[in-house]
Amino acid sequence: MTEKEKRDQRLFAALLVIIAVAPTQWGVKIAGIPLTPVDLVIGVAFAYWLLLAARRRAAAGMPPACLWAMVGTALISALNAHLGRTAPSTFSVSNDTRASLVNVTQLVEYLLVVYLLVWAALREQRQVRGAGFVLVAAAAVVVLVGVAHYLVRRAPEEAFHVQGTFSSRHVYGGFLAMALPVVFAIGLSLPERWPRLALLGLVVVGAATILSPGPLIGLVVALLLVAARTSGRALQGTLAGVLLFGAVMAVALPRNYEENIVWLAHPTYVDDTDEGKEKVKAQWMEWRAGAHMLQELPLLGVGPGNFQLTLGGAYSALGLEKPRKAMFGPDARVGRHMEPDMNSLYVVTAASTGLLGLAALAWALIHFGAAAAAAARRAADPAIRALAIGVWGGIIGFAVTSALNSLLVRGTGVELALFFGIAAVLRHHDWVADAGPNGQRRLHVI
């Protein structure tokens with residue numbers, strides 16, 4: 001093995017570790033800043049890449065303009081909040097410069113650093129296949145933990161704790177809405193019967209552990225679109241499976257039906273602490289407060305990291321009482337209080353970084369979704385095509401779920417960045433059969 005091949009293998013190994021340890025929110029706080037294991041791995045891998053890039057011994061792919069736009073609008077919004085150049089008339093912005101810098105740094109890590117590492121690490125077809133395999137294996141581990149939670153934590157109030165390797169059932173479900181379309185697409189592409197059934201079974205079991213309506217809707221939409229892009233037969237089978245799953249959920253899975261269907265179908269609750277008045281659930285009230293913040297600061301918002309700090313002022317300006325955050329308990333179950341990660345990513349983004357930040361987010365989702373779709377159309381290799389379709393479906397799952405939940409957080413934020421990077425690699429490179437000493441297909445920029 002040449003020295004260059006050894007360097008490539010080290011970067012590839014680091015990427016596999018990132019993929020494997022990304023799906024979790026567990027970590028520690030250092031100087032008040034939360035860090036997960038994947039943050040540390042990304043830091044070491046990026047330092048190694050910088051060393052190689054400085055010597056021109058590592059591939060460097062410039063992140064596209066949409067990613068720079070997301071980071072740039074967040075940075076300008078943070079600077080605007082710090083200087084106080086634009087102030088709302090009905091409430092005051094509670095600015096935390098440190099929180100804003102942490103949020104911007106997190107975006108740099110997710111959107112720029114991870115993208116660079118994926119671009120540099122995936123140079124051969126076997127490496128792309130390996131990345132897809134580790135994605136599937138990581139999803140399987142997360143689902144197995146979720147199944148254990150689902151089976152052991154049976155009491156109604158323990159639905160909060162069916163969260164896999166995450167600290168929130170909504171982020172757990174959001175991860176599955178992103179990862180299971182990849183598993184599904186690869187499963188549909190396999191010619192062998194039992195491996196195919198195993199992956200499709202993993203998708204069904206994972207879906208059955210989701211106790212959050214946003215991720216379940218996102219997953220269903222993504223699976224249907226992945227099936228439609230795969231074949232007409234796959235679409236018909238998936239439609240039948242979705243209908244059967246819905247029937248089973250209504251008849252035999254009352255907890256799933258209650259947490260997913262009933263919760264979404266009833267946007268109000270009866271407040272027995274206030275003379276039985278019917279009130280709008282806290283999740284939907286936050287949409288109204290976020291819209292008011294956007295109305296007051298439409299272009300740049302209140303600044304990244306300042307949404308929760310300023311939310312109380314927006315509620316007061318509307319003559320409303322801000323609901324408390326509550327991880328568990330009866331108040332969260334009925335909707336009087338909010339669980340973490342139940343706020344819409346689009347509402348939070350628009351209120352935090354304005355319409356400019358929201359447009360940058362939409363641009364990135366559309367750009368990389370289109371890149372993955374284009375890669376799927378031109379891929380000659382069935383495995384590459386399946387991975388491209390799965391990544392496309394995962395981006396769709398993220399986009400749909402984010403209407404009801406905030407997924408640009410630890411655990412799922414890195415996953416989205418990995419999908420962006422893989423979509424770019426598959427789209428902007430070509431496989432040449434005679435390039436490598438062992439006949440291994442390598443990536444060439446087109």
# chains A, B, ... in the order shown; residues from 1 in each chain; ligands from 1

$ residues_around --residues "Arg324 (chain A)" --least-positions-apart "4" --cutoff "12 Å" --atoms "only C-alpha atoms" --output "MDAnalysis selection string"
chainID A and resid 281:283 285:286 308 311:312 315 328 331:332 335:340

$ write_last_selection --atoms "C-alpha atoms" --output "tab-separated table (two decimals), in the first residue's frame"
chain	number	residue	atom	x	y	z
A	281	LYS	CA	-51.75	23.17	22.55
A	282	ALA	CA	-48.39	24.74	23.39
A	283	GLN	CA	-46.76	23.41	20.23
A	285	MET	CA	-49.01	28.49	20.27
A	286	GLU	CA	-45.27	28.69	19.68
A	308	GLN	CA	-35.99	30.66	23.44
A	311	LEU	CA	-39.89	33.87	23.16
A	312	GLY	CA	-41.37	35.08	26.46
A	315	TYR	CA	-45.83	35.83	24.04
A	328	PHE	CA	-42.36	14.43	30.95
A	331	ASP	CA	-48.91	18.71	31.48
A	332	ALA	CA	-46.74	17.76	28.51
A	335	GLY	CA	-50.26	19.88	25.47
A	336	ARG	CA	-50.25	22.47	28.26
A	337	HIS	CA	-46.44	22.41	28.31
A	338	MET	CA	-43.96	21.62	25.53
A	339	GLU	CA	-41.50	18.80	25.18
A	340	PRO	CA	-38.08	19.69	23.74

$ residues_around --residues "Val71 (chain A)" --least-positions-apart "4" --cutoff "7 Å" --atoms "only C-alpha atoms" --output "list in words"
Leu67, Leu75, Val104, Leu107 and Val108 of chain A

$ closest_residue --among "A:Arg385, A:Arg333, A:Arg378, A:Arg193" --to "Glu259 (chain A)" --atoms "only C-alpha atoms"
A:Arg333

$ residues_around --residues "Ile217 (chain A)" --least-positions-apart "2" --cutoff "9 Å" --atoms "only C-alpha atoms" --output "count of residues only"
12

$ closest_residue --among "A:Arg57, A:Arg410, A:His429, A:Arg229" --to "Tyr110 (chain A)" --atoms "only C-alpha atoms"
A:Arg410

$ atom_distance --atom1 "CA of Thr2 (chain A)" --atom2 "CA of Ala47 (chain A)"
21.8 Å

$ select_by_dssp --residues "region 328-431 of chain A" --states "helix (DSSP H, G or I)" --output "ChimeraX atom specification"
/A:330-334,345-378,382-401,412-428

$ atom_distance --atom1 "CA of Leu144 (chain A)" --atom2 "CA of Gly206 (chain A)"
8.2 Å

$ residues_around --residues "Asn306 (chain A)" --least-positions-apart "5" --cutoff "10 Å" --atoms "only C-alpha atoms" --output "JSON, numbers by chain"
{"A": [78, 81, 93, 94, 95, 96, 97, 99, 100, 103, 301, 311, 348, 351, 352, 353]}

$ write_last_selection --atoms "C-alpha atoms" --output "PDB file, in the first residue's frame"
ATOM      1  CA  ALA A  78     -25.810  37.102  15.256  1.00  0.00           C
ATOM      2  CA  ALA A  81     -28.440  40.996  17.378  1.00  0.00           C
ATOM      3  CA  VAL A  93     -34.512  40.820  22.057  1.00  0.00           C
ATOM      4  CA  SER A  94     -32.715  38.898  24.797  1.00  0.00           C
ATOM      5  CA  ASN A  95     -29.304  38.468  23.189  1.00  0.00           C
ATOM      6  CA  ASP A  96     -26.801  35.877  24.344  1.00  0.00           C
ATOM      7  CA  THR A  97     -23.659  36.424  22.274  1.00  0.00           C
ATOM      8  CA  ALA A  99     -25.093  31.151  22.564  1.00  0.00           C
ATOM      9  CA  SER A 100     -25.107  32.795  19.135  1.00  0.00           C
ATOM     10  CA  ASN A 103     -24.881  28.063  17.181  1.00  0.00           C
ATOM     11  CA  GLY A 301     -34.618  37.602  13.032  1.00  0.00           C
ATOM     12  CA  LEU A 311     -39.892  33.865  23.165  1.00  0.00           C
ATOM     13  CA  VAL A 348     -37.331  28.585  14.680  1.00  0.00           C
ATOM     14  CA  ALA A 351     -37.664  33.733  13.834  1.00  0.00           C
ATOM     15  CA  SER A 352     -33.942  33.325  14.596  1.00  0.00           C
ATOM     16  CA  THR A 353     -32.286  34.252  11.295  1.00  0.00           C
TER      17      THR A 353
END

$ residues_around --residues "Ile19 (chain A)" --least-positions-apart "3" --cutoff "8 Å" --atoms "only C-alpha atoms" --output "list in words"
Leu15, Leu16, Ala22, Pro23, Ala131, Val134, Leu135, Ala138, Glu415 and Leu418 of chain A

$ write_last_selection --atoms "C-alpha atoms" --output "PDB file, in the first residue's frame"
ATOM      1  CA  LEU A  15     -15.532   9.059   8.172  1.00  0.00           C
ATOM      2  CA  LEU A  16     -16.842   5.597   9.056  1.00  0.00           C
ATOM      3  CA  ALA A  22     -23.224  10.416  14.905  1.00  0.00           C
ATOM      4  CA  PRO A  23     -26.729   9.196  15.855  1.00  0.00           C
ATOM      5  CA  ALA A 131     -20.266   4.194   3.946  1.00  0.00           C
ATOM      6  CA  VAL A 134     -22.167   1.650   8.086  1.00  0.00           C
ATOM      7  CA  LEU A 135     -25.198   3.938   7.669  1.00  0.00           C
ATOM      8  CA  ALA A 138     -25.868   2.483  12.657  1.00  0.00           C
ATOM      9  CA  GLU A 415     -26.570  13.103   9.778  1.00  0.00           C
ATOM     10  CA  LEU A 418     -23.360  13.477   5.876  1.00  0.00           C
TER      11      LEU A 418
END

$ closest_residue --among "A:Trp49, A:Trp26, A:Trp119, A:Phe91" --to "Leu318 (chain A)" --atoms "only C-alpha atoms"
A:Phe91
